[in-house]
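Next comes upload.cif, a file with mmCIF, C-alpha atoms.
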data_model
loop_
_atom_site.label_atom_id
_atom_site.label_comp_id
_atom_site.auth_asym_id
_atom_site.auth_seq_id
_atom_site.Cartn_x
_atom_site.Cartn_y
_atom_site.Cartn_z
CA MET A 33 97.72 153.01 161.74
CA ILE A 34 94.49 151.56 163.12
CA LYS A 35 91.16 153.16 162.22
CA THR A 36 87.74 152.21 163.56
CA GLY A 37 85.83 152.66 160.31
CA GLY A 38 85.79 154.30 156.89
CA CYS A 39 88.56 154.39 154.32
CA GLU A 40 90.08 156.80 151.87
CA SER A 41 88.31 156.79 148.52
CA ASN A 42 90.35 154.91 145.88
CA MET A 43 92.98 153.84 148.41
CA LYS A 44 95.71 151.94 146.59
CA VAL A 45 97.54 149.05 148.25
CA ASP A 46 99.37 145.94 147.13
CA TRP A 47 97.48 143.59 149.43
CA LEU A 48 94.05 143.55 151.04
CA ILE A 49 94.08 141.19 154.02
CA VAL A 50 90.74 140.22 155.53
CA GLY A 51 91.11 139.41 159.24
CA ALA A 52 93.49 140.66 161.93
CA GLY A 53 94.10 137.41 163.82
CA PHE A 54 97.31 135.41 163.89
CA THR A 55 97.20 134.47 160.22
CA GLY A 56 96.33 137.93 158.92
CA ALA A 57 98.67 139.82 161.23
CA THR A 58 101.63 137.55 160.48
CA LEU A 59 101.15 137.89 156.73
CA ALA A 60 100.67 141.64 156.97
CA GLU A 61 103.88 142.02 158.96
CA ARG A 62 105.88 139.75 156.65
CA ILE A 63 104.65 141.44 153.46
CA ALA A 64 105.32 144.93 154.80
CA ASN A 65 108.74 144.16 156.26
CA GLY A 66 109.84 141.42 153.91
CA LEU A 67 108.55 142.74 150.59
CA ASP A 68 108.20 146.45 151.36
CA GLN A 69 104.66 146.40 150.01
CA LYS A 70 101.55 148.23 151.18
CA VAL A 71 98.92 146.31 153.12
CA LEU A 72 95.40 147.14 154.24
CA VAL A 73 94.07 144.84 156.97
CA VAL A 74 90.28 144.86 157.24
CA GLU A 75 88.72 143.46 160.41
CA GLY A 76 85.01 143.07 161.07
CA ARG A 77 85.34 143.26 164.86
CA ASN A 78 86.30 146.33 166.86
CA HIS A 79 89.76 145.01 167.74
CA ILE A 80 92.80 143.24 166.36
CA GLY A 81 94.06 139.88 167.57
CA GLY A 82 91.20 137.63 166.56
CA ASN A 83 90.15 135.21 169.27
CA ALA A 84 93.45 135.80 171.10
CA TYR A 85 92.39 139.38 171.90
CA ASP A 86 92.85 140.37 175.54
CA CYS A 87 91.83 143.53 177.39
CA TYR A 88 91.30 144.93 180.88
CA ASP A 89 87.79 144.61 182.26
CA GLU A 90 86.06 147.24 184.41
CA GLN A 91 87.71 145.78 187.51
CA GLY A 92 91.20 146.11 186.04
CA ILE A 93 91.71 142.40 185.37
CA LEU A 94 93.42 141.42 182.14
CA ILE A 95 91.01 138.94 180.54
CA HIS A 96 91.00 136.88 177.39
CA LYS A 97 87.65 137.83 175.89
CA TYR A 98 87.28 134.66 173.82
CA GLY A 99 88.60 132.03 176.20
CA SER A 100 92.03 131.36 177.68
CA HIS A 101 94.89 131.37 175.20
CA THR A 102 98.15 129.74 176.27
CA PHE A 103 100.90 129.81 173.69
CA HIS A 104 102.90 126.63 173.15
CA THR A 105 104.97 125.30 170.27
CA ASN A 106 107.78 122.95 169.37
CA SER A 107 108.76 125.21 166.47
CA LYS A 108 111.79 127.37 167.19
CA LEU A 109 111.03 129.24 163.97
CA VAL A 110 107.56 130.28 165.20
CA TRP A 111 108.80 131.06 168.72
CA ASP A 112 111.68 133.20 167.45
CA TYR A 113 109.38 134.99 165.01
CA LEU A 114 106.86 136.04 167.68
CA SER A 115 109.68 136.87 170.09
CA ARG A 116 110.47 139.85 167.85
CA PHE A 117 107.24 141.42 169.09
CA THR A 118 106.99 140.31 172.71
CA GLN A 119 108.85 139.17 175.76
CA TRP A 120 107.41 136.04 177.32
CA ARG A 121 106.14 135.16 180.75
CA PRO A 122 107.12 131.51 181.27
CA TYR A 123 103.94 129.60 181.96
CA PHE A 124 102.97 125.93 181.98
CA HIS A 125 99.24 125.48 181.69
CA GLU A 126 97.47 123.02 183.98
CA VAL A 127 93.88 121.85 183.67
CA ARG A 128 91.72 120.00 186.16
CA ALA A 129 88.54 118.03 185.55
CA TYR A 130 85.83 117.60 188.16
CA VAL A 131 85.17 113.84 188.28
CA ASP A 132 83.19 112.05 190.99
CA GLY A 133 83.63 115.01 193.32
CA ILE A 134 87.41 115.10 192.85
CA LYS A 135 89.53 117.43 190.73
CA ILE A 136 91.93 115.38 188.63
CA PRO A 137 94.60 116.51 186.16
CA LEU A 138 93.93 116.63 182.43
CA PRO A 139 95.06 114.95 180.30
CA PHE A 140 94.09 111.94 182.42
CA ASN A 141 97.37 110.59 183.79
CA LEU A 142 98.86 108.40 186.50
CA ASN A 143 98.19 111.07 189.13
CA ALA A 144 94.51 110.91 188.16
CA LEU A 145 94.59 107.15 188.74
CA SER A 146 95.98 107.70 192.24
CA ALA A 147 93.31 110.31 193.01
CA LEU A 148 90.34 108.20 191.90
CA PHE A 149 91.21 104.63 192.88
CA SER A 150 92.60 102.82 195.91
CA PRO A 151 96.41 102.76 196.10
CA GLN A 152 96.55 99.04 195.31
CA TYR A 153 94.22 99.21 192.32
CA ALA A 154 95.81 102.41 190.99
CA GLN A 155 99.22 100.73 191.12
CA LYS A 156 97.87 97.69 189.28
CA LEU A 157 96.37 99.83 186.51
CA GLU A 158 99.55 101.89 186.29
CA SER A 159 101.65 98.76 185.84
CA LEU A 160 99.30 97.48 183.14
CA LEU A 161 99.42 100.78 181.23
CA ILE A 162 103.21 100.98 181.37
CA ARG A 163 103.61 97.33 180.35
CA GLN A 164 101.28 97.67 177.36
CA TYR A 165 102.05 101.19 176.12
CA GLY A 166 105.25 102.33 177.82
CA PHE A 167 105.89 105.18 180.23
CA GLY A 168 105.34 108.55 178.56
CA ALA A 169 102.90 107.21 175.97
CA LYS A 170 99.88 109.28 174.94
CA ILE A 171 96.92 107.08 174.03
CA PRO A 172 93.75 108.38 172.34
CA ILE A 173 90.77 107.29 174.43
CA LEU A 174 89.11 105.50 171.52
CA LYS A 175 92.28 103.45 171.00
CA LEU A 176 92.43 102.58 174.70
CA ARG A 177 88.84 101.37 174.51
CA ASP A 178 89.95 98.81 171.94
CA SER A 179 92.29 97.21 174.49
CA ALA A 180 91.80 93.48 174.81
CA HIS A 181 92.87 93.50 178.44
CA GLU A 182 89.82 93.32 180.71
CA GLU A 183 90.97 95.79 183.36
CA LEU A 184 92.38 98.27 180.87
CA GLY A 185 89.05 97.99 179.08
CA PHE A 186 87.33 98.87 182.35
CA LEU A 187 89.64 101.84 182.82
CA ALA A 188 89.05 103.03 179.27
CA ASP A 189 85.28 102.84 179.69
CA TYR A 190 85.51 104.68 183.01
CA ILE A 191 87.59 107.51 181.52
CA TYR A 192 85.40 107.64 178.44
CA GLN A 193 82.21 108.01 180.47
CA LYS A 194 83.55 110.28 183.19
CA VAL A 195 85.87 112.55 181.20
CA PHE A 196 85.04 112.44 177.49
CA HIS A 197 81.49 111.38 176.71
CA ARG A 198 79.34 114.04 178.35
CA TYR A 199 81.96 116.76 177.80
CA THR A 200 82.07 115.99 174.08
CA ILE A 201 78.28 116.07 173.83
CA LYS A 202 78.21 119.49 175.55
CA GLN A 203 81.09 120.81 173.44
CA TRP A 204 80.10 119.44 170.02
CA ASP A 205 76.49 118.23 170.40
CA LEU A 206 77.89 114.93 169.09
CA LYS A 207 79.31 111.77 170.64
CA PRO A 208 83.09 111.21 170.41
CA GLU A 209 82.68 108.39 167.89
CA GLU A 210 80.63 110.70 165.65
CA LEU A 211 83.63 113.02 165.24
CA ASP A 212 86.96 112.58 163.52
CA GLN A 213 89.37 110.76 165.82
CA SER A 214 91.63 113.82 165.82
CA VAL A 215 89.22 115.39 168.34
CA SER A 216 89.60 112.72 171.02
CA ALA A 217 93.32 112.49 170.25
CA ARG A 218 93.78 116.13 171.32
CA VAL A 219 93.34 115.14 174.99
CA PRO A 220 94.80 111.62 175.25
CA VAL A 221 95.38 109.41 178.27
CA TYR A 222 98.94 110.22 179.30
CA VAL A 223 101.04 107.47 180.93
CA SER A 224 102.99 109.96 183.01
CA ARG A 225 102.93 112.03 186.19
CA ASP A 226 103.46 115.25 184.26
CA ASN A 227 100.43 117.44 185.09
CA ARG A 228 101.17 120.01 182.38
CA TYR A 229 98.47 120.22 179.73
CA PHE A 230 101.12 120.68 177.03
CA GLN A 231 104.63 119.27 176.80
CA ASP A 232 105.89 121.57 174.05
CA THR A 233 109.46 122.89 174.15
CA TYR A 234 108.37 126.55 174.19
CA GLN A 235 105.49 127.69 176.38
CA GLY A 236 104.51 131.12 177.65
CA ILE A 237 102.21 134.12 177.68
CA PRO A 238 103.13 137.44 176.01
CA LEU A 239 104.45 139.51 178.89
CA HIS A 240 102.25 142.52 178.15
CA GLY A 241 99.38 140.60 176.63
CA PHE A 242 98.43 139.25 173.22
CA THR A 243 96.89 142.52 172.04
CA THR A 244 100.11 144.43 172.67
CA MET A 245 102.00 141.80 170.69
CA PHE A 246 99.58 142.21 167.77
CA GLN A 247 99.92 145.99 167.94
CA ARG A 248 103.67 145.65 167.55
CA MET A 249 103.28 143.22 164.66
CA LEU A 250 101.06 145.67 162.81
CA ASP A 251 103.04 148.79 163.70
CA HIS A 252 104.55 149.53 160.30
CA PRO A 253 104.17 152.55 158.00
CA LYS A 254 103.07 150.33 155.12
CA ILE A 255 100.30 148.65 157.16
CA LYS A 256 96.90 150.22 157.72
CA VAL A 257 94.20 148.52 159.78
CA LEU A 258 90.49 149.17 159.39
CA LEU A 259 88.25 147.90 162.20
CA ASN A 260 84.46 147.51 162.41
CA THR A 261 84.40 146.95 158.67
CA ASP A 262 82.97 144.30 156.39
CA TYR A 263 85.51 144.00 153.59
CA GLN A 264 82.69 143.62 151.03
CA GLU A 265 81.43 147.11 151.88
CA ILE A 266 84.73 148.77 150.99
CA ALA A 267 86.21 146.40 148.39
CA ASP A 268 85.04 148.61 145.51
CA GLU A 269 86.72 151.64 147.09
CA ILE A 270 90.09 149.90 147.43
CA ARG A 271 92.52 149.34 144.58
CA TYR A 272 94.57 146.27 145.43
CA LYS A 273 96.55 143.66 143.53
CA ARG A 274 95.76 140.58 145.60
CA MET A 275 93.70 139.57 148.60
CA ILE A 276 94.42 137.24 151.51
CA TYR A 277 91.19 136.03 153.07
CA THR A 278 91.16 134.49 156.56
CA GLY A 279 87.40 134.43 157.16
CA PRO A 280 84.91 131.59 156.61
CA ILE A 281 85.52 130.23 153.12
CA ASP A 282 81.84 129.30 152.62
CA SER A 283 80.81 132.88 153.32
CA PHE A 284 83.29 134.18 150.73
CA PHE A 285 81.66 132.06 148.04
CA GLY A 286 78.13 132.94 149.10
CA TYR A 287 77.46 129.49 150.61
CA LYS A 288 77.07 128.12 147.06
CA HIS A 289 77.90 124.59 148.22
CA GLY A 290 76.03 124.91 151.50
CA GLN A 291 77.04 126.22 154.92
CA LEU A 292 80.03 124.69 156.71
CA PRO A 293 79.04 123.98 160.33
CA TYR A 294 80.90 125.34 163.35
CA ARG A 295 80.47 125.29 167.09
CA SER A 296 80.41 128.59 168.93
CA LEU A 297 80.90 129.63 172.54
CA ARG A 298 79.29 132.01 174.99
CA PHE A 299 81.25 133.44 177.93
CA HIS A 300 79.78 134.62 181.21
CA PHE A 301 82.19 136.73 183.26
CA GLU A 302 82.10 137.25 187.02
CA THR A 303 84.38 139.17 189.37
CA HIS A 304 85.03 137.80 192.86
CA GLN A 305 86.46 139.74 195.75
CA LYS A 306 89.17 137.26 196.60
CA GLU A 307 92.64 136.71 195.24
CA TRP A 308 91.98 133.35 193.58
CA TYR A 309 88.84 131.46 192.60
CA GLN A 310 90.43 128.11 191.68
CA GLU A 311 93.83 126.47 191.89
CA VAL A 312 94.62 126.44 188.14
CA GLY A 313 93.69 128.46 185.08
CA THR A 314 91.12 126.00 183.73
CA VAL A 315 88.78 123.57 185.48
CA ASN A 316 86.61 121.36 183.26
CA TYR A 317 83.17 120.12 184.29
CA PRO A 318 82.55 117.11 182.04
CA ASN A 319 79.35 115.90 183.69
CA GLU A 320 77.81 118.64 185.81
CA TYR A 321 76.18 121.90 184.67
CA ASP A 322 75.60 123.27 181.18
CA PHE A 323 79.01 124.96 180.95
CA THR A 324 82.13 122.99 180.05
CA ARG A 325 84.76 124.86 182.04
CA ILE A 326 85.63 127.77 184.31
CA LEU A 327 88.59 129.94 183.32
CA GLU A 328 90.67 132.20 185.55
CA GLN A 329 93.22 134.11 183.50
CA LYS A 330 95.15 135.60 186.39
CA HIS A 331 96.95 132.27 186.53
CA LEU A 332 98.14 132.88 182.97
CA THR A 333 99.00 136.56 183.19
CA GLY A 334 100.55 136.63 186.67
CA GLN A 335 98.66 139.82 187.47
CA VAL A 336 98.86 140.73 191.16
CA VAL A 337 95.60 142.20 192.45
CA PRO A 338 93.39 141.27 195.44
CA HIS A 339 90.38 140.27 193.30
CA THR A 340 89.83 138.05 190.28
CA THR A 341 87.63 137.62 187.21
CA ILE A 342 86.48 134.22 186.00
CA SER A 343 84.49 133.13 182.97
CA PHE A 344 82.08 130.27 182.44
CA VAL A 345 82.24 128.69 178.97
CA TYR A 346 78.96 127.60 177.35
CA PRO A 347 79.17 125.84 173.96
CA GLN A 348 76.37 126.69 171.55
CA PRO A 349 75.41 126.34 167.88
CA TYR A 350 76.92 128.81 165.43
CA SER A 351 74.61 131.21 163.64
CA PRO A 352 76.23 133.57 161.08
CA GLY A 353 75.82 137.18 162.14
CA GLU A 354 74.75 136.26 165.67
CA ASN A 355 77.89 134.78 167.22
CA GLU A 356 81.44 133.78 166.35
CA PRO A 357 82.52 130.57 164.58
CA TYR A 358 85.08 128.95 166.90
CA TYR A 359 85.49 125.32 165.98
CA PRO A 360 85.13 123.68 162.56
CA ILE A 361 83.26 120.42 163.15
CA PRO A 362 85.58 117.64 161.95
CA ARG A 363 83.37 115.09 160.23
CA LYS A 364 83.76 113.35 156.88
CA GLU A 365 80.77 115.02 155.25
CA ASN A 366 82.04 118.46 156.32
CA SER A 367 85.48 117.75 154.87
CA GLN A 368 83.85 116.75 151.60
CA ARG A 369 81.88 120.00 151.48
CA TYR A 370 84.99 122.00 152.29
CA SER A 371 86.81 120.30 149.42
CA LEU A 372 84.27 121.84 147.02
CA TYR A 373 85.13 125.30 148.35
CA LYS A 374 88.83 124.53 148.16
CA GLN A 375 88.41 123.75 144.47
CA GLU A 376 86.72 127.13 144.03
CA ALA A 377 89.62 128.79 145.85
CA GLU A 378 92.20 127.16 143.58
CA GLN A 379 90.52 128.67 140.54
CA ILE A 380 91.08 132.23 141.79
CA ARG A 381 94.45 131.69 143.46
CA ASP A 382 96.06 134.37 141.33
CA GLN A 383 93.63 136.90 142.87
CA VAL A 384 92.79 135.59 146.36
CA LEU A 385 94.74 133.40 148.78
CA PHE A 386 92.90 131.61 151.58
CA ALA A 387 94.53 130.80 154.92
CA GLY A 388 93.60 130.42 158.57
CA ARG A 389 91.28 128.33 160.72
CA LEU A 390 88.09 129.53 159.04
CA ALA A 391 89.45 129.75 155.50
CA ASP A 392 91.06 126.31 155.71
CA TYR A 393 88.19 124.87 157.75
CA GLN A 394 90.69 123.33 160.13
CA TYR A 395 91.35 123.71 163.83
CA TYR A 396 94.72 125.43 164.30
CA ASN A 397 96.54 126.09 167.51
CA MET A 398 98.05 129.57 167.59
CA ASP A 399 101.50 128.35 166.60
CA GLN A 400 100.01 126.37 163.72
CA ALA A 401 98.27 129.51 162.45
CA VAL A 402 101.58 131.40 162.52
CA ALA A 403 103.39 128.53 160.82
CA ARG A 404 100.69 128.39 158.14
CA ALA A 405 101.12 132.12 157.51
CA LEU A 406 104.93 131.93 157.37
CA THR A 407 104.75 129.04 154.91
CA LEU A 408 102.29 130.93 152.72
CA PHE A 409 104.56 133.97 152.77
CA LYS A 410 107.45 131.83 151.47
CA GLN A 411 105.21 130.70 148.62
CA ILE A 412 104.31 134.32 147.83
CA VAL A 413 108.00 135.27 147.71
CA THR A 414 108.86 132.47 145.30
CA GLU A 415 105.92 133.00 142.91
#
Rewrite the coordinates I just gave you, this time as structure tokens.
Amino acid sequence: MIKTGGCESNMKVDWLIVGAGFTGATLAERIANGLDQKVLVVEGRNHIGGNAYDCYDEQGILIHKYGSHTFHTNSKLVWDYLSRFTQWRPYFHEVRAYVDGIKIPLPFNLNALSALFSPQYAQKLESLLIRQYGFGAKIPILKLRDSAHEELGFLADYIYQKVFHRYTIKQWDLKPEELDQSVSARVPVYVSRDNRYFQDTYQGIPLHGFTTMFQRMLDHPKIKVLLNTDYQEIADEIRYKRMIYTGPIDSFFGYKHGQLPYRSLRFHFETHQKEWYQEVGTVNYPNEYDFTRILEQKHLTGQVVPHTTISFVYPQPYSPGENEPYYPIPRKENSQRYSLYKQEAEQIRDQVLFAGRLADYQYYNMDQAVARALTLFKQIVTE
């Protein structure tokens, strides 16, 4: 049962779960079905699904409200688990980047070389990359910049400047070298002609949308969902044994060790009276404009209508209460601050468990969030 506000006085449940995204919904489903225990899921927004929430706009286009979400995983366990709640539309995501007036594939690959350089020079660079790293290798841009070979060094600097540098500054308000190397490693140089953004074994979009999948996950007589609710406002009215908290861990502890920084996003939606706006679901603009990318989710959903809705993505600072925290900022000093909150969390583990992107202060793909929840559930069962 999903309610939009208010709760029964002195409601008694086994678990209070804060947050109805992938982590919270997976744990709620597992606890209800696997342990036959009562769960109350409290969500501050007016919908379930977290940032994966999708809905139909006024023009009848199924949009992802918080940016395109394409599911991909190498974990058969995670894929099989979610397949209980959805059929899948097979989909391989492709991304283009607008570089020097040409749209090239991302990650930067051998096809990008051919698009940007003369055939002779592209072939020379391709041979050098294959000789040094091997066909199929994925090379973080900062590692490629360390290459001792003069022409590979030129290529690395070119890619760094044209694809990574300005985009990273727009996205993070920091230079690539000011972030943990895991950030630049997420979009490596790919010595391949495979234009797919991901190469995972399992890739797809829930056939009827992410929100429908979440509704099925939470459709259980022992699960109640309360929307538009700050858990702190109703915590005294609920009798529960333990809590699972998936929100910002610094907020839970009243920012006692200082605020953990995040980057946020703003989306500007437009509808166009033509079937398609662009050739793929995502086009990045590393150097031009203030936005980082244009998204067109009809490519993901396969919806057949004569018009389309697109969204422009504008990175921005995160301000609690004003916008949503999307990306933990991976820097050493932030990890050190998080570790102080993690120590606090360990001291109350018997009462509250913390999990999820915001609670763990770690960027998770959707499958990683599900895997994190399934692993935590196993720990709960064996306690």
Requested in this report: Using the chain letters and numbers from the file, give me the residues hit by the PyMOL selection byres ((chain A and resi 296) around 6), as a ChimeraX atom specification.
Outcome: /A:295,297,347-350,356-358
Requested in this report: Fewer than 5 positions away in the same chain doesn't count, so skip those; otherwise give me all residues within 9 Å of Ala60 in chain A, counting only C-alpha atoms, as a PyMOL selection string.
Outcome: chain A and resi 47+49+52+55+65+70-73+249-250+255
Got time to write the residues from that selection, C-alpha atoms, as a compact mmCIF listing (two decimals), in the coordinates of the input?
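In the end it all went to selection-v4.txt:
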# COMPACT_ATOMS: atom_id res chain seq x y z
CA TRP A 47 97.48 143.59 149.43
CA ILE A 49 94.08 141.19 154.02
CA ALA A 52 93.49 140.66 161.93
CA THR A 55 97.20 134.47 160.22
CA ASN A 65 108.74 144.16 156.26
CA LYS A 70 101.55 148.23 151.18
CA VAL A 71 98.92 146.31 153.12
CA LEU A 72 95.40 147.14 154.24
CA VAL A 73 94.07 144.84 156.97
CA MET A 249 103.28 143.22 164.66
CA LEU A 250 101.06 145.67 162.81
CA ILE A 255 100.30 148.65 157.16
Query raised in the report: Just how far from CA of Thr118 in chain A is CA of Ile412 in chain A, in Å to one decimal?
Result: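 Straight-line distance from CA of Ile412 in chain A to CA of Thr118 in chain A works out to 25.7 Å.
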Query raised in the report: From the set A:Pro139, A:Gly279, A:Gly334, A:Pro360, which residue has the shortest atom-to-atom contact distance to Val221 in chain A, counting only C-alpha atoms?
Result: A:Pro139
Query raised in the report: Do you have the CA of Glu415 in chain A-CA of Phe284 in chain A distance handy?
Result: 24.0 Å
Requested in this report: Please check which residues have atoms at most 12 Å from (74.7, 116.9, 187.5) in the file's coordinates, counting all atoms listed in the file, and write them as a list in words.
Outcome: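 Those residues, ordered by chain and then number, are Tyr130, Val131, Asp132, Gly133, Lys194, Arg198, Tyr317, Pro318, Asn319, Glu320, Tyr321, Asp322 and Phe323 of chain A.
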Requested in this report: For Ser115 in chain A, work out the shell of residues within 12 Å, counting only C-alpha atoms and skipping chain neighbours fewer than 4 positions away, then give it as a list of chain:residue names.
Outcome: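 My reading of the contact set: A:Phe103, A:Lys108, A:Leu109, A:Val110, A:Trp111, A:Gln119, A:Trp120, A:Arg121, A:Tyr234, A:Gln235, A:Gly236, A:Ile237, A:Pro238, A:Leu239, A:Phe242, A:Met245, A:Phe246, A:Arg248, A:Met249.
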Please produce an output containing C-alpha atoms for each residue in the selection, written as a CSV table (one decimal), keeping the file's coordinate frame.
chain,number,residue,atom,x,y,z
A,103,PHE,CA,100.9,129.8,173.7
A,108,LYS,CA,111.8,127.4,167.2
A,109,LEU,CA,111.0,129.2,164.0
A,110,VAL,CA,107.6,130.3,165.2
A,111,TRP,CA,108.8,131.1,168.7
A,119,GLN,CA,108.8,139.2,175.8
A,120,TRP,CA,107.4,136.0,177.3
A,121,ARG,CA,106.1,135.2,180.8
A,234,TYR,CA,108.4,126.6,174.2
A,235,GLN,CA,105.5,127.7,176.4
A,236,GLY,CA,104.5,131.1,177.6
A,237,ILE,CA,102.2,134.1,177.7
A,238,PRO,CA,103.1,137.4,176.0
A,239,LEU,CA,104.4,139.5,178.9
A,242,PHE,CA,98.4,139.2,173.2
A,245,MET,CA,102.0,141.8,170.7
A,246,PHE,CA,99.6,142.2,167.8
A,248,ARG,CA,103.7,145.6,167.6
A,249,MET,CA,103.3,143.2,164.7
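Among the candidates A:Phe386, A:Tyr229, A:Tyr222, A:Tyr113, the one nearest to Glu158 in chain A when counting all atoms listed in the file is A:Tyr222.
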Report task. Figure out the distance between CA of Thr261 in chain A and CA of Tyr287 in chain A, please, to one decimal in Å. Result ->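 Between these atoms lies a distance of 20.4 Å.
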Report task. Give as number ranges by chain the set of residues within 6 Å of the point (93.7, 99.9, 180.9), where distances use the file's coordinates and all atoms listed in the file. Result -> A: 161, 183-185, 187-188
Report summary line: Asp86 in chain A proximity check over A:Asn106, A:Thr243, A:Ser371, A:Thr414, using all atoms listed in the file: winner is A:Thr243
Requested in this report: Name the residues captured by the PyMOL selection byres ((chain A and resi 283) around 12) when it is applied to the shown file; answer as a list in words.
Outcome: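 What the PyMOL selection byres ((chain A and resi 283) around 12) grabs from the file is Gln264, Tyr277, Thr278, Gly279, Pro280, Ile281, Asp282, Phe284, Phe285, Gly286, Tyr287, Lys288, His289, Gly290, Gln291, Leu292, Pro293, Pro352, Gly353, Pro357, Tyr370, Tyr373, Leu390, Ala391 and Tyr393 of chain A.
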Can you pull range 302-351 of chain A out of that block with C-alpha atoms and hand it back as an mmCIF file, in the first residue's frame?
data_model
loop_
_atom_site.group_PDB
_atom_site.id
_atom_site.type_symbol
_atom_site.label_atom_id
_atom_site.label_comp_id
_atom_site.auth_asym_id
_atom_site.auth_seq_id
_atom_site.Cartn_x
_atom_site.Cartn_y
_atom_site.Cartn_z
ATOM 1 C CA GLU A 302 11.488 20.304 -24.238
ATOM 2 C CA THR A 303 9.030 18.589 -26.573
ATOM 3 C CA HIS A 304 9.677 18.653 -30.319
ATOM 4 C CA GLN A 305 7.146 17.886 -32.996
ATOM 5 C CA LYS A 306 9.267 15.376 -34.842
ATOM 6 C CA GLU A 307 9.878 11.690 -34.346
ATOM 7 C CA TRP A 308 13.518 11.947 -33.280
ATOM 8 C CA TYR A 309 15.732 14.781 -32.085
ATOM 9 C CA GLN A 310 19.106 12.987 -32.185
ATOM 10 C CA GLU A 311 20.488 9.685 -33.394
ATOM 11 C CA VAL A 312 21.183 8.138 -29.960
ATOM 12 C CA GLY A 313 19.837 8.436 -26.438
ATOM 13 C CA THR A 314 22.653 10.636 -25.117
ATOM 14 C CA VAL A 315 24.829 13.260 -26.803
ATOM 15 C CA ASN A 316 27.535 14.892 -24.678
ATOM 16 C CA TYR A 317 28.738 18.447 -25.216
ATOM 17 C CA PRO A 318 32.151 18.555 -23.533
ATOM 18 C CA ASN A 319 33.193 22.002 -24.714
ATOM 19 C CA GLU A 320 30.189 23.993 -25.894
ATOM 20 C CA TYR A 321 27.301 25.388 -23.829
ATOM 21 C CA ASP A 322 26.658 25.251 -20.096
ATOM 22 C CA PHE A 323 24.855 21.891 -20.227
ATOM 23 C CA THR A 324 26.785 18.634 -20.378
ATOM 24 C CA ARG A 325 24.431 16.499 -22.444
ATOM 25 C CA ILE A 326 21.105 16.159 -24.215
ATOM 26 C CA LEU A 327 19.000 13.089 -23.436
ATOM 27 C CA GLU A 328 16.246 11.546 -25.543
ATOM 28 C CA GLN A 329 14.632 8.656 -23.712
ATOM 29 C CA LYS A 330 12.509 7.381 -26.577
ATOM 30 C CA HIS A 331 15.656 5.601 -27.732
ATOM 31 C CA LEU A 332 15.672 3.710 -24.432
ATOM 32 C CA THR A 333 11.971 2.964 -24.088
ATOM 33 C CA GLY A 334 11.159 2.173 -27.723
ATOM 34 C CA GLN A 335 7.977 4.232 -27.481
ATOM 35 C CA VAL A 336 6.376 4.815 -30.885
ATOM 36 C CA VAL A 337 4.861 8.295 -31.181
ATOM 37 C CA PRO A 338 5.325 11.060 -33.783
ATOM 38 C CA HIS A 339 6.877 13.545 -31.331
ATOM 39 C CA THR A 340 9.656 13.428 -28.756
ATOM 40 C CA THR A 341 10.784 14.941 -25.454
ATOM 41 C CA ILE A 342 14.408 15.767 -24.740
ATOM 42 C CA SER A 343 16.169 17.064 -21.644
ATOM 43 C CA PHE A 344 19.204 19.275 -21.215
ATOM 44 C CA VAL A 345 21.397 18.376 -18.231
ATOM 45 C CA TYR A 346 22.953 21.229 -16.235
ATOM 46 C CA PRO A 347 25.316 20.305 -13.376
ATOM 47 C CA GLN A 348 25.096 22.547 -10.328
ATOM 48 C CA PRO A 349 26.192 22.729 -6.690
ATOM 49 C CA TYR A 350 24.157 20.774 -4.150
ATOM 50 C CA SER A 351 22.265 22.701 -1.495
#
